Amino acid sequence: PQWHNFAAPARPCGKETVDSTGRTSREAFIAHTRNAHTKTHHTIIMSMQGPAIKQGRARNQSKSTHSRSYPRGVGIDFRKLAGLTLMSYIDHHGVSVRPEAPPSELAVAVARHFESMEVDEEQVIGGFLARLSAGQELGESRIAASTAAAAAAAAVAVASSIGEQKQHGSAKSNSAEYARNTAHFDGTAPTHLMRKRRRSKIAARPNEQVAAKVTRTDENGSWILANVQRFYTDTETYDVQDEDDTSKLIRLPWNHVMRLSMGNEGCFDRGARVMAIFPETTSFYRAVVSKSPVWKVQTGTNTPMIKELILKFEDDEDENGRTPHRRVPSRYVIPLPQDYFYE
């Protein structure tokens with residue numbers, strides 16, 4: 001503060017006079033000096049508090065940007081959904097969120113986007129009724145198609161109906177068109193970011209045993225038992241170690257690493273084609289489940305598990321040309337790569 005800007009007027013001297021308010025010159029001088037000091041003190045305080053007040057407002061504004069309250073007009077509580085479900089909604093609709101946003105903030109963002117969506121109630125209700133009617137007609141046609149004669153009659157009726165719809169547009173044809181366009185998957189594939197986030201979520205953890213493909217070919221035995229050292233989220237690559245040779249790290253892409261079975265997946269029925277560790281080795285070879293698996297409830301749990309599977313390996317014939325049955329722990333039996341990697 002510039003103190004000289006608030007200097008008091010010169011002190012009166014000589015004979016005192018009386019102003020229009022009845023105060024003497026001395027009383028007027030004292031009153032003016034007090035007012036000047038009061039204004040100076042107030043100005044100094046405001047000049048010192050100004051930056052702090054602005055910083056406090058800036059902090060409040062930045063905080064309120066990411067801690068918005070849940071909208072009251074939304075009857076659905078998105079906060080009860082899992083984080084992956086919220087991110088699926090956000091990726092599908094392109095909702096803008098912070099990369100480090102917690103699940104509570106994701107739920108608020110989804111709820112506000114859901115609240116802002118404009119919906120034509122008549123179109124939605126009309127479309128629902130059209131799909132319901134189309135479903136009833138489909139069920140009736142399936143019942144009628146139980147005999148050849150009924151199927152032929154239905155085909156003729158459908159053909160004539162299509163001809164009439166081409167010649168005469170009607171509300172019924174519009175409803176059927178709406179049902180055809182909305183009754184099935186729209187063909188929209190998950191975005192790259194969404195697939196990458198899913199893969200990161202289900203990626204193998206450090207020190208976890210996995211099956212790793214260490215060759216460029218698809219020959220039998222190209223997958224080995226390995227141990228995960230690290231997973232890189234940005235490049236979606238693994239650092240693994242061979243169980244038989246821990247002296248070096250092997251860098252592999254995400255689709256060259258498969259997690260091992262937990263024994264409760266229930267995907268290995270009799271006749272299923274799988275890969276499994278051949279007894280007394282650490283390599284996976286193609287095989288077929290030769291006998292139906294036996295489910296058993298483990299002690300202390302209520303979850304049924306498959307402890308082992310009976311398999312027949314490829315290229316494992318004996319001198320008589322017979323392929324023996326071999327028992328392999330279910331943990332070391334995994335699907336074929338084309339059955340494991342899908343999105």
# chains A, B, ... in the order shown; residues from 1 in each chain; ligands from 1
>>> residues_around(residues="A:Thr246", least_positions_apart="3", cutoff="12 Å", atoms="only C-alpha atoms", output="PyMOL selection string")
chain A and resi 225-229+239-243+249-250
>>> write_last_selection(atoms="C-alpha atoms", output="PDB file, in the first residue's frame")
ATOM      1  CA  LEU A 225       4.834 -72.834 -18.825  1.00  0.00           C
ATOM      2  CA  ALA A 226       6.123 -69.406 -17.749  1.00  0.00           C
ATOM      3  CA  ASN A 227       5.973 -66.928 -14.886  1.00  0.00           C
ATOM      4  CA  VAL A 228       4.804 -63.325 -15.327  1.00  0.00           C
ATOM      5  CA  GLN A 229       7.203 -60.639 -14.154  1.00  0.00           C
ATOM      6  CA  ASP A 239       7.787 -59.767 -19.401  1.00  0.00           C
ATOM      7  CA  VAL A 240       7.834 -63.500 -18.582  1.00  0.00           C
ATOM      8  CA  GLN A 241      10.373 -66.089 -17.481  1.00  0.00           C
ATOM      9  CA  ASP A 242      10.568 -69.665 -18.639  1.00  0.00           C
ATOM     10  CA  GLU A 243       9.964 -72.046 -15.740  1.00  0.00           C
ATOM     11  CA  LEU A 249      13.238 -62.211 -19.547  1.00  0.00           C
ATOM     12  CA  ILE A 250      11.070 -62.774 -22.610  1.00  0.00           C
TER      13      ILE A 250
END
>>> residues_around(residues="stretch 253-255 of chain A", least_positions_apart="4", cutoff="12 Å", atoms="only C-alpha atoms", output="JSON, numbers by chain")
{"A": [196, 198, 199, 200, 202, 203, 204, 210, 211, 212, 213, 214, 216, 223, 228, 230, 231, 232, 233, 234, 235, 236, 237, 238, 239, 240, 259, 337, 338, 339, 340, 341, 342, 343]}
>>> write_last_selection(atoms="C-alpha atoms", output="short mmCIF file (atom, residue, chain, number, x, y, z; two decimals), in the first residue's frame")
data_model
loop_
_atom_site.label_atom_id
_atom_site.label_comp_id
_atom_site.auth_asym_id
_atom_site.auth_seq_id
_atom_site.Cartn_x
_atom_site.Cartn_y
_atom_site.Cartn_z
CA LYS A 196 -7.62 -52.26 -24.40
CA ARG A 198 -10.78 -54.93 -20.87
CA ARG A 199 -7.49 -56.64 -21.66
CA SER A 200 -5.72 -54.63 -18.97
CA ILE A 202 -8.06 -59.35 -17.08
CA ALA A 203 -4.30 -59.35 -17.62
CA ALA A 204 -2.18 -61.82 -15.65
CA VAL A 210 0.78 -68.67 -17.42
CA ALA A 211 1.04 -70.37 -20.78
CA ALA A 212 3.34 -68.38 -23.08
CA LYS A 213 3.98 -68.76 -26.79
CA VAL A 214 7.71 -68.33 -27.35
CA ARG A 216 6.65 -67.58 -34.17
CA TRP A 223 3.42 -72.86 -25.77
CA VAL A 228 4.80 -63.33 -15.33
CA ARG A 230 5.40 -57.54 -15.39
CA PHE A 231 2.57 -56.34 -17.63
CA TYR A 232 2.93 -53.01 -19.48
CA THR A 233 -0.48 -51.36 -19.84
CA ASP A 234 0.56 -48.81 -22.46
CA THR A 235 2.05 -51.33 -24.91
CA GLU A 236 0.04 -54.38 -23.74
CA THR A 237 3.14 -56.55 -23.49
CA TYR A 238 4.41 -59.00 -20.88
CA ASP A 239 7.79 -59.77 -19.40
CA VAL A 240 7.83 -63.50 -18.58
CA ARG A 259 -3.92 -67.51 -18.03
CA PRO A 337 -5.78 -69.99 -28.72
CA GLN A 338 -8.55 -69.33 -31.24
CA ASP A 339 -11.11 -70.21 -28.54
CA TYR A 340 -9.36 -68.22 -25.81
CA PHE A 341 -8.72 -64.89 -27.57
CA TYR A 342 -12.02 -63.36 -28.63
CA GLU A 343 -13.60 -59.92 -28.14
#
>>> residues_around(residues="A:Arg327", least_positions_apart="6", cutoff="7 Å", atoms="only C-alpha atoms", output="PyMOL selection string")
chain A and resi 308-311
>>> write_last_selection(atoms="N, CA, C and O atoms", output="PDB file, in the first residue's frame")
ATOM      1  N   GLU A 308      -8.858 -83.016 -12.113  1.00  0.00           N
ATOM      2  CA  GLU A 308      -8.020 -83.469 -13.207  1.00  0.00           C
ATOM      3  C   GLU A 308      -8.870 -83.868 -14.398  1.00  0.00           C
ATOM      4  O   GLU A 308     -10.081 -84.100 -14.263  1.00  0.00           O
ATOM      5  N   LEU A 309      -8.240 -83.902 -15.566  1.00  0.00           N
ATOM      6  CA  LEU A 309      -8.909 -84.284 -16.798  1.00  0.00           C
ATOM      7  C   LEU A 309      -8.152 -85.437 -17.443  1.00  0.00           C
ATOM      8  O   LEU A 309      -6.916 -85.541 -17.318  1.00  0.00           O
ATOM      9  N   ILE A 310      -8.887 -86.286 -18.121  1.00  0.00           N
ATOM     10  CA  ILE A 310      -8.301 -87.430 -18.822  1.00  0.00           C
ATOM     11  C   ILE A 310      -8.263 -87.081 -20.309  1.00  0.00           C
ATOM     12  O   ILE A 310      -9.307 -86.807 -20.916  1.00  0.00           O
ATOM     13  N   LEU A 311      -7.070 -87.102 -20.880  1.00  0.00           N
ATOM     14  CA  LEU A 311      -6.865 -86.611 -22.233  1.00  0.00           C
ATOM     15  C   LEU A 311      -6.172 -87.657 -23.098  1.00  0.00           C
ATOM     16  O   LEU A 311      -5.529 -88.588 -22.604  1.00  0.00           O
TER      17      LEU A 311
END
>>> residues_around(residues="A:Thr323", least_positions_apart="5", cutoff="8 Å", atoms="only C-alpha atoms", output="list in words")
Lys312, Phe313, Asp316, Glu317 and Asp318 of chain A
>>> select_by_dssp(residues="stretch 282-338 of chain A", states="strand (DSSP E)", output="MDAnalysis selection string")
chainID A and resid 283:289 295:297 304:306 308:313 326:329 333:335
>>> write_last_selection(atoms="N, CA, C and O atoms", output="mmCIF file, in the first residue's frame")
data_model
loop_
_atom_site.group_PDB
_atom_site.id
_atom_site.type_symbol
_atom_site.label_atom_id
_atom_site.label_comp_id
_atom_site.auth_asym_id
_atom_site.auth_seq_id
_atom_site.Cartn_x
_atom_site.Cartn_y
_atom_site.Cartn_z
ATOM 1 N N SER A 283 5.795 -78.078 -21.398
ATOM 2 C CA SER A 283 5.285 -77.595 -22.683
ATOM 3 C C SER A 283 3.841 -78.053 -22.871
ATOM 4 O O SER A 283 3.455 -79.137 -22.420
ATOM 5 N N PHE A 284 3.071 -77.208 -23.563
ATOM 6 C CA PHE A 284 1.665 -77.508 -23.836
ATOM 7 C C PHE A 284 1.550 -78.132 -25.230
ATOM 8 O O PHE A 284 2.128 -77.620 -26.199
ATOM 9 N N TYR A 285 0.763 -79.214 -25.295
ATOM 10 C CA TYR A 285 0.548 -79.898 -26.555
ATOM 11 C C TYR A 285 -0.965 -80.054 -26.782
ATOM 12 O O TYR A 285 -1.751 -80.115 -25.830
ATOM 13 N N ARG A 286 -1.356 -80.136 -28.040
ATOM 14 C CA ARG A 286 -2.770 -80.294 -28.386
ATOM 15 C C ARG A 286 -3.261 -81.683 -27.971
ATOM 16 O O ARG A 286 -2.543 -82.676 -28.121
ATOM 17 N N ALA A 287 -4.506 -81.693 -27.475
ATOM 18 C CA ALA A 287 -5.086 -82.953 -26.997
ATOM 19 C C ALA A 287 -6.600 -82.882 -27.100
ATOM 20 O O ALA A 287 -7.172 -81.836 -27.444
ATOM 21 N N VAL A 288 -7.232 -84.020 -26.797
ATOM 22 C CA VAL A 288 -8.692 -84.122 -26.800
ATOM 23 C C VAL A 288 -9.130 -84.708 -25.465
ATOM 24 O O VAL A 288 -8.517 -85.684 -24.981
ATOM 25 N N VAL A 289 -10.178 -84.127 -24.874
ATOM 26 C CA VAL A 289 -10.725 -84.672 -23.627
ATOM 27 C C VAL A 289 -11.404 -85.992 -23.964
ATOM 28 O O VAL A 289 -12.399 -86.032 -24.690
ATOM 29 N N TRP A 295 -16.862 -83.667 -11.415
ATOM 30 C CA TRP A 295 -16.922 -82.488 -10.548
ATOM 31 C C TRP A 295 -16.953 -82.934 -9.087
ATOM 32 O O TRP A 295 -17.697 -83.839 -8.725
ATOM 33 N N LYS A 296 -16.155 -82.265 -8.283
ATOM 34 C CA LYS A 296 -16.121 -82.552 -6.854
ATOM 35 C C LYS A 296 -16.109 -81.249 -6.070
ATOM 36 O O LYS A 296 -15.473 -80.278 -6.493
ATOM 37 N N VAL A 297 -16.796 -81.253 -4.928
ATOM 38 C CA VAL A 297 -16.811 -80.083 -4.053
ATOM 39 C C VAL A 297 -15.595 -80.147 -3.143
ATOM 40 O O VAL A 297 -15.399 -81.132 -2.420
ATOM 41 N N PRO A 304 -18.069 -76.394 -6.768
ATOM 42 C CA PRO A 304 -17.606 -77.629 -7.422
ATOM 43 C C PRO A 304 -16.408 -77.343 -8.320
ATOM 44 O O PRO A 304 -16.331 -76.315 -8.994
ATOM 45 N N MET A 305 -15.457 -78.264 -8.325
ATOM 46 C CA MET A 305 -14.218 -78.101 -9.080
ATOM 47 C C MET A 305 -13.909 -79.383 -9.843
ATOM 48 O O MET A 305 -14.371 -80.469 -9.487
ATOM 49 N N ILE A 306 -13.126 -79.227 -10.893
ATOM 50 C CA ILE A 306 -12.586 -80.376 -11.626
ATOM 51 C C ILE A 306 -11.120 -80.481 -11.264
ATOM 52 O O ILE A 306 -10.330 -79.584 -11.568
ATOM 53 N N GLU A 308 -8.858 -83.016 -12.113
ATOM 54 C CA GLU A 308 -8.020 -83.469 -13.207
ATOM 55 C C GLU A 308 -8.870 -83.868 -14.398
ATOM 56 O O GLU A 308 -10.081 -84.100 -14.263
ATOM 57 N N LEU A 309 -8.240 -83.902 -15.566
ATOM 58 C CA LEU A 309 -8.909 -84.284 -16.798
ATOM 59 C C LEU A 309 -8.152 -85.437 -17.443
ATOM 60 O O LEU A 309 -6.916 -85.541 -17.318
ATOM 61 N N ILE A 310 -8.887 -86.286 -18.121
ATOM 62 C CA ILE A 310 -8.301 -87.430 -18.822
ATOM 63 C C ILE A 310 -8.263 -87.081 -20.309
ATOM 64 O O ILE A 310 -9.307 -86.807 -20.916
ATOM 65 N N LEU A 311 -7.070 -87.102 -20.880
ATOM 66 C CA LEU A 311 -6.865 -86.611 -22.233
ATOM 67 C C LEU A 311 -6.172 -87.657 -23.098
ATOM 68 O O LEU A 311 -5.529 -88.588 -22.604
ATOM 69 N N LYS A 312 -6.287 -87.430 -24.414
ATOM 70 C CA LYS A 312 -5.496 -88.143 -25.404
ATOM 71 C C LYS A 312 -4.728 -87.091 -26.207
ATOM 72 O O LYS A 312 -5.334 -86.224 -26.847
ATOM 73 N N PHE A 313 -3.396 -87.163 -26.149
ATOM 74 C CA PHE A 313 -2.564 -86.185 -26.843
ATOM 75 C C PHE A 313 -2.358 -86.580 -28.297
ATOM 76 O O PHE A 313 -2.352 -87.767 -28.643
ATOM 77 N N ARG A 326 -4.271 -90.130 -20.586
ATOM 78 C CA ARG A 326 -3.337 -89.550 -19.627
ATOM 79 C C ARG A 326 -4.078 -88.559 -18.724
ATOM 80 O O ARG A 326 -4.906 -87.783 -19.204
ATOM 81 N N ARG A 327 -3.749 -88.632 -17.440
ATOM 82 C CA ARG A 327 -4.354 -87.729 -16.453
ATOM 83 C C ARG A 327 -3.491 -86.471 -16.315
ATOM 84 O O ARG A 327 -2.283 -86.564 -16.130
ATOM 85 N N VAL A 328 -4.163 -85.331 -16.421
ATOM 86 C CA VAL A 328 -3.471 -84.043 -16.313
ATOM 87 C C VAL A 328 -4.254 -83.167 -15.340
ATOM 88 O O VAL A 328 -5.488 -83.089 -15.434
ATOM 89 N N PRO A 329 -3.583 -82.511 -14.390
ATOM 90 C CA PRO A 329 -4.302 -81.579 -13.501
ATOM 91 C C PRO A 329 -5.048 -80.516 -14.316
ATOM 92 O O PRO A 329 -4.527 -80.002 -15.309
ATOM 93 N N VAL A 333 -4.668 -77.432 -18.135
ATOM 94 C CA VAL A 333 -5.435 -77.682 -19.354
ATOM 95 C C VAL A 333 -6.111 -76.371 -19.748
ATOM 96 O O VAL A 333 -6.850 -75.782 -18.957
ATOM 97 N N ILE A 334 -5.842 -75.899 -20.957
ATOM 98 C CA ILE A 334 -6.345 -74.596 -21.403
ATOM 99 C C ILE A 334 -6.986 -74.744 -22.776
ATOM 100 O O ILE A 334 -6.719 -75.713 -23.499
ATOM 101 N N PRO A 335 -7.840 -73.785 -23.163
ATOM 102 C CA PRO A 335 -8.450 -73.861 -24.501
ATOM 103 C C PRO A 335 -7.417 -73.609 -25.594
ATOM 104 O O PRO A 335 -6.301 -73.154 -25.344
#
>>> residues_around(residues="A:Arg331", least_positions_apart="3", cutoff="6 Å", atoms="only C-alpha atoms", output="list in words")
Leu260, Ser261 and Met262 of chain A
>>> closest_residue(among="A:Lys201, A:Pro71, A:Gly300, A:Asn320", to="A:Leu84", atoms="only C-alpha atoms")
A:Lys201
